[in-house]
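Only one structure is covered here, and it is reproduced in the block below.
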Amino acid sequence: MNSHLKIIAGFKQSKSYVKDLYVSLPFRVVSVGQLKNDGRLYQMVMSSSPGILDGDHYDLQVALEKGASLQLQSQSYQRLFNMKDQASQELNVLMEDETSFSYVPHPIVPHEASNFKSTAKIHIGKKSDIIISEIITCGRKHHGEVFKLKRFQNLMEIYHENKLMVKDNVVIQPDLIPINSIGNLEQYTHQGTFIFFSTKENVNKEDLAENIINMSKNQSEMEIGISTMENNGFVLRAIAHGGEIMYNFFLQVQEMLWSLDQKQQ
């Protein structure tokens with residue numbers, strides 16, 4: 001099934017709003033955060049499908065007009081079912097100047113023999129920032145499916161003024177890359193990536209990284225590492241024994257960055 005989602009966030013009278021929205025099955029988009037008075041837009045992507053099936057292709061198009069702020073949320077864990085071939089997803093985000101976009105979805109659960117490739121291309125304008133993450137679980141652990149997927153790949157690229165600023169490529173293929181080896185997940189079963197990138201000048205990436213490290217000190221079931229970029233941003237890697245603890249931590253980091261961005265405006 002070829003499924004499409006297109007959302008354009010507009011900005012008018014100091015408020016972000018849904019300027020245009022188009023979805024096809026199984027997508028549905030609903031407004032959340034109606035009680036917030038920060039003038040920003042909060043939307044949840046929902047699906048009538050139990051998960052991504054063999055042959056599915058998801059096409060997600062997101063655009064933010066100048067001044068707009070959009071936070072996308074997911075409904076639940078994303079399941080990747082058993083596949084003979086593969087499934088794929090494309091995310092394209094176009095951010096004009098003075099925009100903010102955040103997307104911290106629930107973890108992905110790859111079932112046995114699943115084969116999935118996700119690509120994301122983000123074009124960010126001036127005085128803008130983006131928060132985006134992914135969490136990959138080992139699969140249905142209680143069904144004995146611990147990293148029995150065929151292949152998983154997530155390729156993400158962030159551009160500014162048509163110049164590639166960030167490229168992140170996560171590949172899990174257990175038959176070629178021993179997942180439990182040194183330098184990979186070792187004894188852990190969940191892996192997460194959290195990326196923050198900003199084209200604003202007043203971002204102190206070192207202070208942000210230190211705050212996040214301090215936030216993680218009470219997380220005994222999870223370990224994190226942060227690499228700051230040459231520009232304003234960082235990549236956070238996390239490994240854990242469960243998806244919920246990592247997802248909740250990512251939400252805390254998102255809230256810190258999202259609130260900080262609001263204060264700067």
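Note on naming: chains are A, B, ... as they come in the structure tokens, residues start from 1 per chain, ligands start from 1 in the order shown.
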
Handout entry: Long-range neighbours of Lys66 (chain A) as a PyMOL selection string, 7 Å cut-off, only C-alpha atoms, 3 positions minimum in chain
Key = chain A and resi 11+96-99

Put those residues in a file: N, CA, C and O atoms, as a short mmCIF file (atom, residue, chain, number, x, y, z; two decimals), in the first residue's frame.
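That gives us selection03.cif:
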```cif
data_model
loop_
_atom_site.label_atom_id
_atom_site.label_comp_id
_atom_site.auth_asym_id
_atom_site.auth_seq_id
_atom_site.Cartn_x
_atom_site.Cartn_y
_atom_site.Cartn_z
N PHE A 11 1.67 30.32 9.71
CA PHE A 11 1.90 31.21 10.86
C PHE A 11 1.18 32.52 10.59
O PHE A 11 1.40 33.17 9.56
N GLU A 96 11.11 26.77 6.51
CA GLU A 96 11.52 28.12 6.15
C GLU A 96 12.22 28.78 7.34
O GLU A 96 12.44 28.15 8.38
N ASP A 97 12.58 30.05 7.20
CA ASP A 97 13.29 30.75 8.27
C ASP A 97 12.43 30.90 9.52
O ASP A 97 11.19 30.99 9.44
N GLU A 98 13.11 30.92 10.68
CA GLU A 98 12.47 31.18 11.97
C GLU A 98 11.39 30.15 12.29
O GLU A 98 10.29 30.48 12.73
N THR A 99 11.70 28.88 12.06
CA THR A 99 10.76 27.79 12.33
C THR A 99 11.36 26.80 13.33
O THR A 99 12.58 26.75 13.52
#
```

Handout entry: Test item: residues at most 10 Å from Pro26 (chain A), only C-alpha atoms, excluding those fewer than 2 positions along its chain, as a PyMOL selection string
Key = chain A and resi 1-5+23-24+28+46-51+58

Output of the above residues as an mmCIF file, in the first residue's frame, restricted to C-alpha atoms:
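In the end it all went to result-v2.cif:
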```cif
data_model
loop_
_atom_site.group_PDB
_atom_site.id
_atom_site.type_symbol
_atom_site.label_atom_id
_atom_site.label_comp_id
_atom_site.auth_asym_id
_atom_site.auth_seq_id
_atom_site.Cartn_x
_atom_site.Cartn_y
_atom_site.Cartn_z
ATOM 1 C CA MET A 1 0.000 0.000 0.000
ATOM 2 C CA ASN A 2 1.223 3.483 -0.885
ATOM 3 C CA SER A 3 0.208 5.822 1.921
ATOM 4 C CA HIS A 4 0.586 9.587 1.987
ATOM 5 C CA LEU A 5 0.609 12.309 4.588
ATOM 6 C CA VAL A 23 -3.824 12.023 4.357
ATOM 7 C CA SER A 24 -4.636 8.670 2.794
ATOM 8 C CA ARG A 28 -5.177 10.190 10.408
ATOM 9 C CA MET A 46 -2.518 8.101 14.017
ATOM 10 C CA SER A 47 -2.918 4.919 11.986
ATOM 11 C CA SER A 48 -5.745 2.439 11.488
ATOM 12 C CA SER A 49 -3.189 -0.235 10.535
ATOM 13 C CA PRO A 50 -1.681 -2.541 13.199
ATOM 14 C CA GLY A 51 1.743 -1.859 11.701
ATOM 15 C CA TYR A 58 4.851 5.601 3.577
#
```

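Reported to one decimal place, the separation of CA of Glu223 (chain A) from CA of Arg237 (chain A) is 8.4 Å.
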
Practice task
Using DSSP on the backbone coordinates, identify all residues within region 36-259 of chain A classified as strand (DSSP E); present the result as a ChimeraX atom specification.
Solution key: /A:41-47,57-64,69-74,78-80,87-95,100-103,108-110,115-124,129-136,151-160,163-172,190-198,222-228,232-240

Problem - Atom-to-atom span, CA of Glu210 (chain A) and CA of Tyr247 (chain A), Å - result: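 Atom-to-atom, CA of Glu210 (chain A) to CA of Tyr247 (chain A), that is 19.5 Å.
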
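Between CA of Met83 (chain A) and CA of Asn248 (chain A) the interatomic distance comes to 29.6 Å.
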
Problem - Which residue of A:Ile132, A:Cys138, A:Val203, A:Ile7 approaches Leu236 (chain A) most closely, using only C-alpha atoms - result: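 Nearest candidate to Leu236 (chain A) out of A:Ile132, A:Cys138, A:Val203, A:Ile7: A:Ile132.
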
Handout entry: Best match for closeness to Leu257 (chain A) among A:Leu208, A:Val32, A:Ile108, A:Ala63, counting only C-alpha atoms
Key =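 Selected residue with least distance to Leu257 (chain A): A:Leu208.
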
Contacts of region 23-67 of chain A with region 110-123 of chain A up to 9 Å, shortest pair per row, only C-alpha atoms, as a Markdown table:
```
| residue | atom | partner | partner_atom | distance |
| --- | --- | --- | --- | --- |
| A:Ile52 | CA | A:Phe116 | CA | 9.0 |
| A:Leu53 | CA | A:Ser114 | CA | 8.8 |
| A:Asp54 | CA | A:Ser114 | CA | 8.0 |
```

If you keep N, CA and C atoms, can you produce a file of those selected residues as a PDB file, in the first residue's frame?
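Done, and the output landed in selection_14.pdb:
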```pdb
ATOM      1  N   ILE A  52       3.358  -1.753   9.917  1.00  0.00           N
ATOM      2  CA  ILE A  52       3.814  -1.666   8.531  1.00  0.00           C
ATOM      3  C   ILE A  52       3.960  -3.076   7.968  1.00  0.00           C
ATOM      4  N   LEU A  53       3.344  -3.311   6.813  1.00  0.00           N
ATOM      5  CA  LEU A  53       3.308  -4.633   6.196  1.00  0.00           C
ATOM      6  C   LEU A  53       4.249  -4.707   5.003  1.00  0.00           C
ATOM      7  N   ASP A  54       4.481  -5.916   4.542  1.00  0.00           N
ATOM      8  CA  ASP A  54       5.332  -6.143   3.381  1.00  0.00           C
ATOM      9  C   ASP A  54       4.805  -5.358   2.175  1.00  0.00           C
TER      10      ASP A  54
END
```

Handout entry: Shortest interatomic distance to Leu94 (chain A) - which of A:Asp175, A:Phe152, A:Ala9, A:Pro107, counting only C-alpha atoms
Key =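 Smallest distance to Leu94 (chain A) is found for A:Ala9.
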
Practice task
Quick one: pick out all helix (DSSP H, G or I) residues within region 25-239 of chain A from a backbone DSSP run and write them as a list in words.
Solution key: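 These are the residues in question: Lys141, His142, His143, Lys205, Glu206, Asp207, Leu208, Ala209, Glu210, Asn211, Ile212, Ile213, Asn214, Met215 and Ser216 of chain A.
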
Can I get the selection written as a PDB file, in the first residue's frame, with C-alpha atoms?
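Saved result, part_5.pdb, follows:
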```pdb
ATOM      1  CA  LYS A 141      11.262 -10.278  23.285  1.00  0.00           C
ATOM      2  CA  HIS A 142       8.555 -12.307  25.057  1.00  0.00           C
ATOM      3  CA  HIS A 143       7.916 -14.214  21.815  1.00  0.00           C
ATOM      4  CA  LYS A 205      25.445  23.202  22.813  1.00  0.00           C
ATOM      5  CA  GLU A 206      27.948  22.386  25.575  1.00  0.00           C
ATOM      6  CA  ASP A 207      25.568  23.535  28.330  1.00  0.00           C
ATOM      7  CA  LEU A 208      22.699  21.635  26.742  1.00  0.00           C
ATOM      8  CA  ALA A 209      24.776  18.446  26.550  1.00  0.00           C
ATOM      9  CA  GLU A 210      25.822  18.810  30.184  1.00  0.00           C
ATOM     10  CA  ASN A 211      22.214  19.307  31.291  1.00  0.00           C
ATOM     11  CA  ILE A 212      21.148  16.162  29.436  1.00  0.00           C
ATOM     12  CA  ILE A 213      23.973  14.136  30.967  1.00  0.00           C
ATOM     13  CA  ASN A 214      22.827  15.290  34.415  1.00  0.00           C
ATOM     14  CA  MET A 215      19.233  14.359  33.561  1.00  0.00           C
ATOM     15  CA  SER A 216      20.344  10.821  32.693  1.00  0.00           C
TER      16      SER A 216
END
```

With a cut-off of 6 Å, could you pull out the residues of region 26-145 of chain A touching region 192-199 of chain A and give me the nearest pair of atoms for each, distance in Å to one decimal, using only C-alpha atoms, ordered by chain and ascending number, as JSON lines?
```
{"residue": "A:Lys126", "atom": "CA", "partner": "A:Thr199", "partner_atom": "CA", "distance": 5.6}
{"residue": "A:Lys127", "atom": "CA", "partner": "A:Thr199", "partner_atom": "CA", "distance": 5.0}
{"residue": "A:Ser128", "atom": "CA", "partner": "A:Thr199", "partner_atom": "CA", "distance": 5.3}
{"residue": "A:Asp129", "atom": "CA", "partner": "A:Ser198", "partner_atom": "CA", "distance": 4.0}
{"residue": "A:Ile130", "atom": "CA", "partner": "A:Phe197", "partner_atom": "CA", "distance": 5.4}
{"residue": "A:Ile131", "atom": "CA", "partner": "A:Phe196", "partner_atom": "CA", "distance": 4.7}
{"residue": "A:Ile132", "atom": "CA", "partner": "A:Ile195", "partner_atom": "CA", "distance": 5.4}
{"residue": "A:Ser133", "atom": "CA", "partner": "A:Phe194", "partner_atom": "CA", "distance": 4.2}
{"residue": "A:Glu134", "atom": "CA", "partner": "A:Thr193", "partner_atom": "CA", "distance": 5.5}
{"residue": "A:Ile135", "atom": "CA", "partner": "A:Gly192", "partner_atom": "CA", "distance": 4.2}
```

Those same residues, written as a PDB file, in the first residue's frame with N, CA and C atoms?
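Final file, part-v1.pdb:
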```
ATOM      1  N   LYS A 126      17.056  29.655   8.133  1.00  0.00           N
ATOM      2  CA  LYS A 126      17.833  30.448   9.080  1.00  0.00           C
ATOM      3  C   LYS A 126      17.048  30.631  10.381  1.00  0.00           C
ATOM      4  N   LYS A 127      17.785  30.784  11.475  1.00  0.00           N
ATOM      5  CA  LYS A 127      17.205  31.024  12.808  1.00  0.00           C
ATOM      6  C   LYS A 127      16.128  29.990  13.123  1.00  0.00           C
ATOM      7  N   SER A 128      16.443  28.730  12.848  1.00  0.00           N
ATOM      8  CA  SER A 128      15.492  27.630  13.023  1.00  0.00           C
ATOM      9  C   SER A 128      16.149  26.484  13.776  1.00  0.00           C
ATOM     10  N   ASP A 129      15.335  25.553  14.255  1.00  0.00           N
ATOM     11  CA  ASP A 129      15.893  24.373  14.899  1.00  0.00           C
ATOM     12  C   ASP A 129      14.983  23.171  14.732  1.00  0.00           C
ATOM     13  N   ILE A 130      15.608  22.010  14.843  1.00  0.00           N
ATOM     14  CA  ILE A 130      14.883  20.750  14.677  1.00  0.00           C
ATOM     15  C   ILE A 130      15.273  19.772  15.762  1.00  0.00           C
ATOM     16  N   ILE A 131      14.271  19.023  16.229  1.00  0.00           N
ATOM     17  CA  ILE A 131      14.446  17.937  17.186  1.00  0.00           C
ATOM     18  C   ILE A 131      13.851  16.694  16.538  1.00  0.00           C
ATOM     19  N   ILE A 132      14.623  15.632  16.419  1.00  0.00           N
ATOM     20  CA  ILE A 132      14.105  14.419  15.785  1.00  0.00           C
ATOM     21  C   ILE A 132      14.807  13.195  16.368  1.00  0.00           C
ATOM     22  N   SER A 133      14.085  12.104  16.526  1.00  0.00           N
ATOM     23  CA  SER A 133      14.667  10.922  17.165  1.00  0.00           C
ATOM     24  C   SER A 133      14.082   9.643  16.598  1.00  0.00           C
ATOM     25  N   GLU A 134      14.706   8.529  16.981  1.00  0.00           N
ATOM     26  CA  GLU A 134      14.172   7.205  16.689  1.00  0.00           C
ATOM     27  C   GLU A 134      14.652   6.254  17.775  1.00  0.00           C
ATOM     28  N   ILE A 135      13.840   5.245  18.069  1.00  0.00           N
ATOM     29  CA  ILE A 135      14.203   4.191  19.018  1.00  0.00           C
ATOM     30  C   ILE A 135      13.889   2.852  18.368  1.00  0.00           C
TER      31      ILE A 135
END
```

Exercise for the section: Compare A:Thr228, A:Gln153, A:Asn82, A:Ser74 by their minimum atom-to-atom distance to Met44 (chain A), counting only C-alpha atoms, and give me the closest one. Expected result: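 Closest to Met44 (chain A), using only C-alpha atoms: A:Ser74.
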
Exercise for the section: Tell me which of A:Thr137, A:Ser102, A:Gln173, A:Gln219 sits closest to Trp258 (chain A), counting only C-alpha atoms. Expected result: A:Ser102
